[in-house]
>>> print(open('structure12.cif').read())   # mmCIF, C-alpha atoms
data_my_file
#
loop_
_atom_site.label_atom_id
_atom_site.label_comp_id
_atom_site.auth_asym_id
_atom_site.auth_seq_id
_atom_site.Cartn_x
_atom_site.Cartn_y
_atom_site.Cartn_z
CA MET X 1 0.00 0.00 0.00
CA ASN X 2 3.00 2.28 -0.05
CA THR X 3 2.01 5.22 -2.14
CA SER X 4 5.25 7.08 -2.63
CA ASP X 5 6.42 4.43 -5.07
CA SER X 6 3.19 2.64 -5.93
CA LEU X 7 1.60 2.43 -9.34
CA SER X 8 -0.32 5.66 -9.10
CA PRO X 9 -0.99 8.67 -11.30
CA THR X 10 1.53 11.28 -12.24
CA ALA X 11 -0.48 14.42 -11.65
CA ARG X 12 -0.61 16.32 -14.88
CA THR X 13 0.47 19.40 -13.00
CA THR X 14 3.69 17.79 -11.90
CA LEU X 15 4.90 17.54 -15.46
CA THR X 16 6.55 20.92 -15.02
CA ARG X 17 8.79 19.34 -12.45
CA LEU X 18 9.42 16.30 -14.60
CA ARG X 19 10.25 18.44 -17.61
CA GLU X 20 13.29 19.63 -15.71
CA ARG X 21 14.73 16.15 -16.03
CA ALA X 22 13.47 15.71 -19.56
CA GLY X 23 16.88 14.54 -20.73
CA VAL X 24 16.71 11.57 -18.44
CA ASP X 25 13.03 10.94 -19.00
CA ARG X 26 13.32 11.08 -22.77
CA ARG X 27 15.67 8.10 -22.84
CA GLU X 28 13.41 6.22 -20.44
CA LEU X 29 10.36 7.15 -22.50
CA VAL X 30 11.93 5.90 -25.73
CA ASP X 31 13.14 2.66 -24.14
CA LEU X 32 9.71 1.97 -22.69
CA LEU X 33 7.75 2.78 -25.86
CA ASP X 34 10.14 0.77 -28.04
CA SER X 35 9.84 -2.34 -25.89
CA THR X 36 6.06 -2.33 -25.34
CA TYR X 37 3.39 -3.62 -27.73
CA VAL X 38 0.17 -2.30 -26.22
CA CYS X 39 -0.85 1.04 -24.75
CA HIS X 40 -4.03 2.07 -22.95
CA LEU X 41 -5.89 4.95 -24.57
CA GLY X 42 -8.20 7.06 -22.45
CA VAL X 43 -10.94 9.17 -23.99
CA VAL X 44 -13.98 10.93 -22.55
CA MET X 45 -17.27 9.73 -24.03
CA ASP X 46 -20.62 11.06 -22.85
CA GLY X 47 -18.80 12.62 -19.92
CA ALA X 48 -17.33 9.33 -18.70
CA PRO X 49 -13.82 7.99 -19.17
CA ARG X 50 -13.21 5.01 -21.42
CA VAL X 51 -9.94 3.11 -21.41
CA MET X 52 -9.08 0.70 -24.19
CA PRO X 53 -6.00 -1.36 -25.00
CA THR X 54 -4.65 -0.71 -28.45
CA ALA X 55 -1.55 -1.06 -30.58
CA PHE X 56 0.63 1.97 -31.20
CA ALA X 57 3.72 3.17 -33.02
CA VAL X 58 6.14 6.03 -32.62
CA ASP X 59 7.99 8.35 -34.96
CA TYR X 60 10.40 10.34 -32.83
CA ASP X 61 11.01 12.63 -35.80
CA GLY X 62 7.30 12.91 -36.55
CA PRO X 63 5.59 16.22 -37.30
CA ASP X 64 4.22 16.81 -33.79
CA ARG X 65 5.94 18.61 -30.95
CA GLY X 66 8.35 16.19 -29.31
CA GLY X 67 7.69 13.55 -31.97
CA THR X 68 4.55 11.59 -32.77
CA LEU X 69 2.74 8.62 -31.27
CA TYR X 70 0.38 6.92 -33.73
CA LEU X 71 -2.80 4.98 -33.05
CA HIS X 72 -5.11 3.39 -35.58
CA GLY X 73 -8.34 1.53 -35.90
CA SER X 74 -11.57 1.13 -37.79
CA VAL X 75 -13.37 4.21 -39.04
CA ALA X 76 -16.35 2.56 -37.31
CA ALA X 77 -14.65 2.52 -33.90
CA ARG X 78 -16.69 5.08 -32.02
CA SER X 79 -14.21 5.74 -29.26
CA LEU X 80 -11.28 6.20 -31.62
CA VAL X 81 -13.22 8.67 -33.73
CA ALA X 82 -14.33 10.40 -30.51
CA ALA X 83 -10.66 11.05 -29.73
CA VAL X 84 -10.13 13.28 -32.77
CA GLY X 85 -9.44 16.89 -31.85
CA VAL X 86 -9.82 16.45 -28.13
CA ASP X 87 -7.58 15.75 -25.15
CA VAL X 88 -6.70 12.10 -24.77
CA CYS X 89 -4.31 10.19 -22.55
CA VAL X 90 -2.10 7.30 -23.59
CA THR X 91 -0.45 5.19 -20.91
CA VAL X 92 2.19 2.53 -21.43
CA THR X 93 3.16 0.22 -18.57
CA GLN X 94 5.67 -2.54 -18.03
CA LEU X 95 5.46 -4.55 -14.83
CA ASP X 96 8.91 -5.65 -13.65
CA GLY X 97 8.35 -7.17 -10.25
CA LEU X 98 6.16 -7.87 -7.24
CA VAL X 99 7.60 -6.19 -4.16
CA LEU X 100 6.80 -8.26 -1.07
CA ALA X 101 7.49 -6.31 2.09
CA ARG X 102 7.13 -7.24 5.80
CA SER X 103 4.01 -5.08 6.05
CA ALA X 104 1.01 -4.84 3.75
CA PHE X 105 1.58 -1.09 3.60
CA HIS X 106 5.00 -1.40 1.99
CA HIS X 107 3.96 -3.97 -0.60
CA SER X 108 4.48 -2.48 -4.02
CA MET X 109 5.31 -3.21 -7.63
CA ASN X 110 8.41 -2.56 -9.67
CA TYR X 111 7.35 -1.03 -12.96
CA ARG X 112 8.00 1.55 -15.62
CA SER X 113 5.16 3.62 -17.00
CA ALA X 114 4.72 6.57 -19.30
CA VAL X 115 1.71 8.87 -19.45
CA ILE X 116 1.23 11.00 -22.56
CA HIS X 117 -1.37 13.76 -22.67
CA GLY X 118 -2.34 15.63 -25.79
CA CYS X 119 -4.85 16.57 -28.38
CA ALA X 120 -5.31 13.81 -30.95
CA ARG X 121 -4.94 14.79 -34.58
CA ARG X 122 -6.51 12.74 -37.38
CA VAL X 123 -3.89 11.97 -39.99
CA ASP X 124 -5.28 12.78 -43.44
CA ASP X 125 -2.10 13.36 -45.42
CA LEU X 126 -1.66 10.25 -47.56
CA ARG X 127 2.09 10.08 -47.19
CA GLU X 128 1.99 10.43 -43.41
CA ARG X 129 -0.81 7.85 -43.23
CA GLY X 130 1.26 5.37 -45.17
CA LYS X 131 4.30 5.99 -43.01
CA ALA X 132 2.24 5.68 -39.84
CA LEU X 133 0.67 2.40 -40.93
CA ASP X 134 4.10 1.01 -41.82
CA ALA X 135 5.29 2.11 -38.39
CA MET X 136 2.39 0.25 -36.73
CA VAL X 137 3.53 -3.01 -38.32
CA ASP X 138 7.22 -2.29 -37.79
CA HIS X 139 6.58 -1.61 -34.11
CA ILE X 140 5.58 -5.27 -33.80
CA VAL X 141 8.41 -6.64 -35.95
CA PRO X 142 11.10 -4.28 -37.28
CA ASP X 143 11.08 -4.06 -41.10
CA ARG X 144 7.95 -6.16 -41.34
CA SER X 145 6.29 -3.57 -43.62
CA SER X 146 9.00 -4.03 -46.25
CA GLN X 147 8.04 -7.71 -46.54
CA LEU X 148 4.36 -7.04 -47.22
CA ARG X 149 2.32 -5.85 -50.18
CA SER X 150 1.09 -2.25 -50.14
CA ASN X 151 -2.18 -1.35 -48.46
CA THR X 152 -5.12 -1.29 -50.84
CA ARG X 153 -7.30 1.77 -51.27
CA LYS X 154 -10.13 -0.11 -49.58
CA GLU X 155 -7.97 -0.97 -46.57
CA LEU X 156 -6.82 2.63 -46.25
CA ALA X 157 -10.39 3.91 -46.45
CA ALA X 158 -11.45 1.59 -43.65
CA THR X 159 -8.75 2.81 -41.29
CA VAL X 160 -8.49 5.92 -39.16
CA VAL X 161 -5.03 7.02 -38.03
CA LEU X 162 -4.52 9.31 -35.03
CA ALA X 163 -1.40 11.25 -34.06
CA LEU X 164 -0.50 12.46 -30.59
CA PRO X 165 2.45 14.73 -29.73
CA LEU X 166 5.02 13.06 -27.49
CA TYR X 167 5.67 16.43 -25.88
CA GLU X 168 3.56 16.29 -22.75
CA ALA X 169 4.84 13.02 -21.41
CA SER X 170 6.01 11.82 -18.06
CA VAL X 171 7.78 8.65 -17.03
CA LYS X 172 7.51 7.02 -13.64
CA SER X 173 9.16 3.92 -12.31
CA ARG X 174 10.01 1.91 -9.24
CA SER X 175 12.81 -0.58 -8.91
CA GLY X 176 14.68 -2.33 -6.15
CA PRO X 177 13.85 -4.15 -2.95
CA PRO X 178 11.04 -3.40 -0.46
CA GLN X 179 11.55 -0.39 1.79
CA ASP X 180 10.42 -1.71 5.13
CA ASP X 181 10.03 0.00 8.47
CA GLU X 182 13.00 -0.51 10.79
CA ALA X 183 10.82 -2.10 13.46
CA ASP X 184 9.53 -4.70 10.99
CA ILE X 185 13.06 -5.54 9.85
CA GLU X 186 14.18 -6.01 13.44
CA ALA X 187 11.14 -8.11 14.31
CA GLY X 188 12.14 -10.55 11.54
CA GLY X 189 10.37 -13.77 10.70
CA VAL X 190 8.74 -12.63 7.46
CA TRP X 191 10.17 -13.40 4.04
CA ALA X 192 10.62 -10.20 2.05
CA GLY X 193 11.97 -9.62 -1.42
CA VAL X 194 11.12 -9.12 -5.04
CA VAL X 195 9.48 -11.59 -7.41
CA SER X 196 10.52 -10.55 -10.91
CA VAL X 197 7.98 -10.35 -13.72
CA GLN X 198 8.90 -10.42 -17.42
CA THR X 199 7.16 -10.35 -20.73
CA THR X 200 8.59 -13.17 -22.82
CA VAL X 201 8.10 -13.33 -26.57
CA GLY X 202 7.99 -16.59 -28.53
CA PRO X 203 7.90 -19.21 -29.80
CA ALA X 204 6.68 -18.32 -33.28
CA THR X 205 4.14 -20.67 -34.85
CA ILE X 206 3.68 -20.65 -38.62
CA ALA X 207 0.08 -20.45 -39.88
CA ASP X 208 -1.40 -23.71 -41.21
CA ASP X 209 -2.31 -22.06 -44.48
CA VAL X 210 1.26 -21.11 -45.41
CA ASN X 211 1.75 -23.51 -48.29
CA ASP X 212 5.46 -23.19 -48.66
CA GLN X 213 6.85 -24.08 -45.22
CA ILE X 214 9.23 -21.15 -45.25
CA GLN X 215 11.37 -20.41 -42.22
CA ALA X 216 10.50 -17.40 -40.08
CA PRO X 217 12.53 -14.49 -41.45
CA SER X 218 15.37 -13.11 -39.37
CA ASN X 219 13.40 -10.06 -38.24
CA VAL X 220 10.63 -12.26 -36.82
CA ASP X 221 13.27 -14.49 -35.24
CA ALA X 222 14.93 -11.44 -33.70
CA VAL X 223 11.92 -10.45 -31.59
CA LEU X 224 11.86 -13.78 -29.71
CA THR X 225 13.07 -13.76 -26.12
CA ARG X 226 16.24 -15.82 -25.81
CA MET P 227 -4.85 -2.96 -38.98
CA ASN P 228 -7.76 -5.38 -39.01
CA THR P 229 -10.36 -3.81 -36.84
CA SER P 230 -12.87 -6.59 -36.38
CA ASP P 231 -10.51 -8.39 -34.05
CA SER P 232 -8.04 -5.66 -33.12
CA LEU P 233 -7.40 -4.26 -29.68
CA SER P 234 -10.13 -1.67 -29.79
CA PRO P 235 -12.86 -0.42 -27.48
CA THR P 236 -15.94 -2.27 -26.51
CA ALA P 237 -18.57 0.42 -26.98
CA ARG P 238 -20.31 0.94 -23.69
CA THR P 239 -23.59 0.71 -25.49
CA THR P 240 -22.86 -2.81 -26.71
CA LEU P 241 -22.81 -4.13 -23.17
CA THR P 242 -26.49 -4.93 -23.52
CA ARG P 243 -25.58 -7.42 -26.18
CA LEU P 244 -22.68 -8.80 -24.16
CA ARG P 245 -24.85 -9.20 -21.09
CA GLU P 246 -26.76 -11.84 -23.01
CA ARG P 247 -23.70 -14.04 -22.80
CA ALA P 248 -22.91 -12.99 -19.25
CA GLY P 249 -22.52 -16.60 -18.18
CA VAL P 250 -19.65 -17.11 -20.55
CA ASP P 251 -18.15 -13.67 -19.96
CA ARG P 252 -18.25 -14.01 -16.20
CA ARG P 253 -15.90 -16.99 -16.24
CA GLU P 254 -13.59 -15.17 -18.68
CA LEU P 255 -13.73 -12.04 -16.52
CA VAL P 256 -12.82 -13.93 -13.36
CA ASP P 257 -9.98 -15.83 -15.05
CA LEU P 258 -8.54 -12.60 -16.45
CA LEU P 259 -8.81 -10.60 -13.23
CA ASP P 260 -7.37 -13.42 -11.15
CA SER P 261 -4.32 -13.80 -13.38
CA THR P 262 -3.46 -10.11 -13.84
CA TYR P 263 -1.55 -7.87 -11.44
CA VAL P 264 -2.12 -4.39 -12.85
CA CYS P 265 -5.16 -2.59 -14.24
CA HIS P 266 -5.47 0.79 -15.95
CA LEU P 267 -7.81 3.21 -14.22
CA GLY P 268 -9.37 6.00 -16.26
CA VAL P 269 -10.77 9.13 -14.61
CA VAL P 270 -11.80 12.51 -15.95
CA MET P 271 -9.85 15.41 -14.45
CA ASP P 272 -10.39 19.00 -15.54
CA GLY P 273 -12.37 17.65 -18.47
CA ALA P 274 -9.54 15.50 -19.78
CA PRO P 275 -9.03 11.78 -19.39
CA ARG P 276 -6.24 10.44 -17.23
CA VAL P 277 -5.14 6.81 -17.35
CA MET P 278 -2.95 5.36 -14.64
CA PRO P 279 -1.66 1.88 -13.95
CA THR P 280 -2.53 0.62 -10.51
CA ALA P 281 -2.86 -2.53 -8.45
CA PHE P 282 -6.29 -3.96 -7.78
CA ALA P 283 -8.12 -6.75 -5.98
CA VAL P 284 -11.48 -8.43 -6.37
CA ASP P 285 -14.11 -9.76 -3.99
CA TYR P 286 -16.64 -11.60 -6.13
CA ASP P 287 -18.96 -11.74 -3.11
CA GLY P 288 -18.35 -8.07 -2.30
CA PRO P 289 -21.18 -5.67 -1.43
CA ASP P 290 -21.48 -4.10 -4.90
CA ARG P 291 -23.67 -5.31 -7.72
CA GLY P 292 -21.91 -8.18 -9.46
CA GLY P 293 -19.15 -8.20 -6.84
CA THR P 294 -16.50 -5.62 -6.03
CA LEU P 295 -13.24 -4.51 -7.57
CA TYR P 296 -10.99 -2.67 -5.12
CA LEU P 297 -8.38 0.01 -5.78
CA HIS P 298 -6.25 1.83 -3.26
CA GLY P 299 -3.68 4.54 -2.94
CA SER P 300 -2.52 7.55 -1.01
CA VAL P 301 -5.08 9.97 0.36
CA ALA P 302 -2.83 12.53 -1.34
CA ALA P 303 -3.26 10.95 -4.81
CA ARG P 304 -5.34 13.57 -6.56
CA SER P 305 -6.59 11.38 -9.37
CA LEU P 306 -7.64 8.58 -7.05
CA VAL P 307 -9.57 10.97 -4.83
CA ALA P 308 -11.06 12.54 -7.98
CA ALA P 309 -12.54 9.14 -8.82
CA VAL P 310 -14.78 9.05 -5.74
CA GLY P 311 -18.47 9.25 -6.57
CA VAL P 312 -18.02 9.62 -10.30
CA ASP P 313 -17.92 7.34 -13.33
CA VAL P 314 -14.58 5.65 -13.84
CA CYS P 315 -13.31 2.93 -16.14
CA VAL P 316 -10.99 0.10 -15.21
CA THR P 317 -9.38 -1.93 -17.98
CA VAL P 318 -7.38 -5.13 -17.57
CA THR P 319 -5.42 -6.54 -20.50
CA GLN P 320 -3.32 -9.60 -21.15
CA LEU P 321 -1.37 -9.78 -24.39
CA ASP P 322 -1.12 -13.37 -25.66
CA GLY P 323 0.44 -13.07 -29.09
CA LEU P 324 1.56 -11.04 -32.07
CA VAL P 325 -0.45 -11.97 -35.14
CA LEU P 326 1.68 -11.60 -38.25
CA ALA P 327 -0.44 -11.74 -41.40
CA ARG P 328 0.46 -11.50 -45.11
CA SER P 329 -0.90 -7.96 -45.25
CA ALA P 330 -0.39 -5.04 -42.88
CA PHE P 331 -4.17 -4.74 -42.65
CA HIS P 332 -4.63 -8.18 -41.12
CA HIS P 333 -1.84 -7.82 -38.58
CA SER P 334 -3.34 -8.07 -35.14
CA MET P 335 -2.75 -9.14 -31.56
CA ASN P 336 -4.08 -12.05 -29.57
CA TYR P 337 -5.26 -10.75 -26.23
CA ARG P 338 -7.89 -10.86 -23.51
CA SER P 339 -9.22 -7.65 -22.03
CA ALA P 340 -11.93 -6.60 -19.64
CA VAL P 341 -13.48 -3.15 -19.38
CA ILE P 342 -15.37 -2.27 -16.22
CA HIS P 343 -17.45 0.89 -15.98
CA GLY P 344 -18.99 2.20 -12.81
CA CYS P 345 -19.27 4.79 -10.13
CA ALA P 346 -16.43 4.53 -7.64
CA ARG P 347 -17.41 4.32 -3.97
CA ARG P 348 -15.00 5.30 -1.20
CA VAL P 349 -14.80 2.51 1.34
CA ASP P 350 -15.21 3.97 4.83
CA ASP P 351 -16.45 0.96 6.76
CA LEU P 352 -13.49 -0.23 8.83
CA ARG P 353 -14.21 -3.92 8.38
CA GLU P 354 -14.59 -3.64 4.61
CA ARG P 355 -11.43 -1.51 4.41
CA GLY P 356 -9.46 -4.15 6.27
CA LYS P 357 -10.80 -6.91 4.06
CA ALA P 358 -10.09 -4.90 0.92
CA LEU P 359 -6.51 -4.14 1.95
CA ASP P 360 -5.93 -7.82 2.75
CA ALA P 361 -7.35 -8.65 -0.69
CA MET P 362 -4.91 -6.21 -2.34
CA VAL P 363 -1.96 -8.11 -0.86
CA ASP P 364 -3.52 -11.52 -1.42
CA HIS P 365 -4.12 -10.65 -5.08
CA ILE P 366 -0.31 -10.50 -5.47
CA VAL P 367 0.40 -13.63 -3.39
CA PRO P 368 -2.49 -15.74 -2.04
CA ASP P 369 -2.64 -15.77 1.77
CA ARG P 370 0.14 -13.19 2.02
CA SER P 371 -1.95 -11.05 4.39
CA SER P 372 -2.09 -13.86 6.95
CA GLN P 373 1.73 -13.77 7.18
CA LEU P 374 1.93 -10.04 7.95
CA ARG P 375 1.27 -7.87 10.97
CA SER P 376 -1.94 -5.83 11.03
CA ASN P 377 -2.07 -2.41 9.44
CA THR P 378 -1.41 0.41 11.88
CA ARG P 379 -3.89 3.22 12.43
CA LYS P 380 -1.44 5.59 10.73
CA GLU P 381 -1.14 3.36 7.67
CA LEU P 382 -4.92 3.07 7.42
CA ALA P 383 -5.34 6.85 7.72
CA ALA P 384 -2.87 7.40 4.85
CA THR P 385 -4.74 5.11 2.49
CA VAL P 386 -7.87 5.61 0.43
CA VAL P 387 -9.76 2.53 -0.74
CA LEU P 388 -12.16 2.64 -3.67
CA ALA P 389 -14.78 0.07 -4.67
CA LEU P 390 -16.24 -0.45 -8.12
CA PRO P 391 -19.14 -2.77 -8.97
CA LEU P 392 -18.14 -5.59 -11.30
CA TYR P 393 -21.61 -5.42 -12.82
CA GLU P 394 -21.05 -3.31 -15.93
CA ALA P 395 -18.18 -5.27 -17.38
CA SER P 396 -17.36 -6.62 -20.78
CA VAL P 397 -14.71 -9.04 -21.93
CA LYS P 398 -13.12 -9.07 -25.34
CA SER P 399 -10.52 -11.35 -26.79
CA ARG P 400 -8.81 -12.56 -29.91
CA SER P 401 -7.02 -15.85 -30.36
CA GLY P 402 -5.81 -18.02 -33.19
CA PRO P 403 -3.90 -17.54 -36.43
CA PRO P 404 -4.02 -14.57 -38.82
CA GLN P 405 -7.12 -14.33 -41.02
CA ASP P 406 -5.64 -13.45 -44.37
CA ASP P 407 -7.28 -12.59 -47.66
CA GLU P 408 -7.53 -15.54 -50.05
CA ALA P 409 -5.51 -13.72 -52.71
CA ASP P 410 -2.64 -13.14 -50.28
CA ILE P 411 -2.63 -16.79 -49.22
CA GLU P 412 -2.48 -17.90 -52.87
CA ALA P 413 0.25 -15.41 -53.71
CA GLY P 414 2.44 -16.99 -51.00
CA GLY P 415 6.00 -16.04 -50.22
CA VAL P 416 5.31 -14.27 -46.94
CA TRP P 417 5.80 -15.93 -43.56
CA ALA P 418 2.64 -15.66 -41.51
CA GLY P 419 1.80 -16.92 -38.06
CA VAL P 420 1.59 -16.08 -34.40
CA VAL P 421 4.41 -15.12 -32.07
CA SER P 422 3.23 -15.97 -28.57
CA VAL P 423 3.67 -13.54 -25.70
CA GLN P 424 3.60 -14.55 -22.02
CA THR P 425 3.98 -12.92 -18.67
CA THR P 426 6.43 -15.01 -16.67
CA VAL P 427 6.79 -14.65 -12.92
CA GLY P 428 10.03 -15.32 -11.05
CA PRO P 429 12.62 -15.87 -9.85
CA ALA P 430 12.09 -14.57 -6.31
CA THR P 431 15.00 -12.67 -4.76
CA ILE P 432 15.17 -12.30 -0.98
CA ALA P 433 15.83 -8.78 0.34
CA ASP P 434 19.37 -8.14 1.63
CA ASP P 435 18.06 -6.95 4.96
CA VAL P 436 16.33 -10.21 5.82
CA ASN P 437 18.59 -11.34 8.66
CA ASP P 438 17.42 -14.87 8.95
CA GLN P 439 17.88 -16.34 5.46
CA ILE P 440 14.50 -17.98 5.53
CA GLN P 441 13.21 -19.84 2.48
CA ALA P 442 10.48 -18.24 0.42
CA PRO P 443 7.21 -19.57 1.84
CA SER P 444 5.17 -21.97 -0.26
CA ASN P 445 2.62 -19.32 -1.26
CA VAL P 446 5.38 -17.11 -2.70
CA ASP P 447 6.90 -20.14 -4.39
CA ALA P 448 3.53 -21.02 -5.88
CA VAL P 449 3.22 -17.81 -7.92
CA LEU P 450 6.43 -18.49 -9.88
CA THR P 451 6.05 -19.58 -13.48
CA ARG P 452 7.39 -23.12 -13.90
#
>>> encode(input="structure12.cif", output="structure tokens")
Amino acid sequence: MNTSDSLSPTARTTLTRLRERAGVDRRELVDLLDSTYVCHLGVVMDGAPRVMPTAFAVDYDGPDRGGTLYLHGSVAARSLVAAVGVDVCVTVTQLDGLVLARSAFHHSMNYRSAVIHGCARRVDDLRERGKALDAMVDHIVPDRSSQLRSNTRKELAATVVLALPLYEASVKSRSGPPQDDEADIEAGGVWAGVVSVQTTVGPATIADDVNDQIQAPSNVDAVLTR
Amino acid sequence: MNTSDSLSPTARTTLTRLRERAGVDRRELVDLLDSTYVCHLGVVMDGAPRVMPTAFAVDYDGPDRGGTLYLHGSVAARSLVAAVGVDVCVTVTQLDGLVLARSAFHHSMNYRSAVIHGCARRVDDLRERGKALDAMVDHIVPDRSSQLRSNTRKELAATVVLALPLYEASVKSRSGPPQDDEADIEAGGVWAGVVSVQTTVGPATIADDVNDQIQAPSNVDAVLTR
């Protein structure tokens, strides 16, 4: 229940403080975004918040302030369309460990998370749309887009692409052992420590309908956890 | 980019339909909540959405309609306090695989996610607070709370506990191989399949300040992935 290091919100107003260590945070932000497959997008619909898991991609040299985070989905996805032109929040989280302390209060989690606030822009420019959609695929497997046919006009028409500036972002993390009260440490008798948590990727299973039993290409092979 | 099975929102309005298969969903909901450590809580603050990762616990026989999901944090956590008495959204997601199709459009993810909407209630009743805080710890490691001292009055005063009914919940998932267009399957030449993704737990590392080098208890040992 420890709250100083628990998984809890970064108040939007504290970003001013965090911007002072933007150099540090930027590296952490990039590392976290590059190594995570799914984000949680928050939008307000009918006055209530809605949080949905979705894929994302990043272009650190994108046209938005601080670089661009891309989201995409069906033109029929109400909550994605509702995000256009309004404030949204994208949160990316990696859980690294379960922190088991001597007291319930000091139980915690080791994690890294990024919270990105901004106004979502619908990407209409054809060239940027194409680049963004390639980036979505390449975020899953680097260079995957180069191994695929081009998107058809019909596919493009069915898809909405959103862009979010990476500018207003904050990174928060906890690592290390439990921070117990001195009295609890002295009392002894309770096991305390960290149980690590990892996301492991692989194995890769070829689809049954691949006629030629080709080997997984090296870029697919490279994403597997060794 | 396929949107029929992509990680995208369950429209709140479609819950009526999903309630018709509540029997099925309920089992899926319970399995997902029981096997996940972190949820994403969405609240509206100053008109904008905010999404934060946080720990949670469940009491399926809790006092709220459909059972209770518990959240907790510091009384100083602005966004947690802002959630009291208003509509919030809690989303839980497990990523199971990367779905690599022949076309960018049919790339997808295998996943299970639950979205829970409701009005958050602050838990003031001392007995329910105690039970909820035990459940938070026991959600990480079953029976952990029985191995710890009681919470102090000071610890309890520093902590806010929120309850959310599990009633308005929906579960969404995708599994299985890519669903490619017939023309792309016939054209061949592209590796397609699923790269599995798992959350693995362990090893457990004892804290340096544990004087007596006691073995991890069996309940800690039991959460490790074998």
>>> residues_near_point(input="structure12.cif", point="(-0.3, 4.7, -22.6)", cutoff="6 Å", atoms="only C-alpha atoms", output="CSV table (one decimal) with C-alpha atoms, keeping the file's coordinate frame")
chain,number,residue,atom,x,y,z
X,39,CYS,CA,-0.8,1.0,-24.8
X,40,HIS,CA,-4.0,2.1,-23.0
X,41,LEU,CA,-5.9,5.0,-24.6
X,90,VAL,CA,-2.1,7.3,-23.6
X,91,THR,CA,-0.4,5.2,-20.9
X,92,VAL,CA,2.2,2.5,-21.4
X,115,VAL,CA,1.7,8.9,-19.4
>>> closest_residue(input="structure12.cif", among="X:Thr205, X:Gln198, X:Ser170, X:Ser74", to="P:Leu450", atoms="all atoms listed in the file")
X:Gln198
>>> atom_distance(input="structure12.cif", atom1="atom CA of X:Ala83", atom2="atom CA of X:Val38")
17.5 Å
>>> residues_near_point(input="structure12.cif", point="(9.7, 8.4, -30.7)", cutoff="9 Å", atoms="only C-alpha atoms", output="list in words")
Leu29, Val30, Leu33, Asp34, Ala57, Val58, Asp59, Tyr60, Asp61, Gly62, Gly66, Gly67, Thr68, Leu69 and Leu166 of chain X
>>> residues_around(input="structure12.cif", residues="P:Arg291", least_positions_apart="6", cutoff="9 Å", atoms="only C-alpha atoms", output="PyMOL selection string")
chain P and resi 390-394
>>> write_last_selection(input="structure12.cif", atoms="C-alpha atoms", output="short mmCIF file (atom, residue, chain, number, x, y, z; two decimals), in the coordinates of the input")
data_model
loop_
_atom_site.label_atom_id
_atom_site.label_comp_id
_atom_site.auth_asym_id
_atom_site.auth_seq_id
_atom_site.Cartn_x
_atom_site.Cartn_y
_atom_site.Cartn_z
CA LEU P 390 -16.24 -0.45 -8.12
CA PRO P 391 -19.14 -2.77 -8.97
CA LEU P 392 -18.14 -5.59 -11.30
CA TYR P 393 -21.61 -5.42 -12.82
CA GLU P 394 -21.05 -3.31 -15.93
#
>>> atom_distance(input="structure12.cif", atom1="atom CA of P:Thr262", atom2="atom CA of P:Arg347")
22.4 Å
>>> atom_distance(input="structure12.cif", atom1="atom CA of P:Ala361", atom2="atom CA of P:Gly311")
21.9 Å
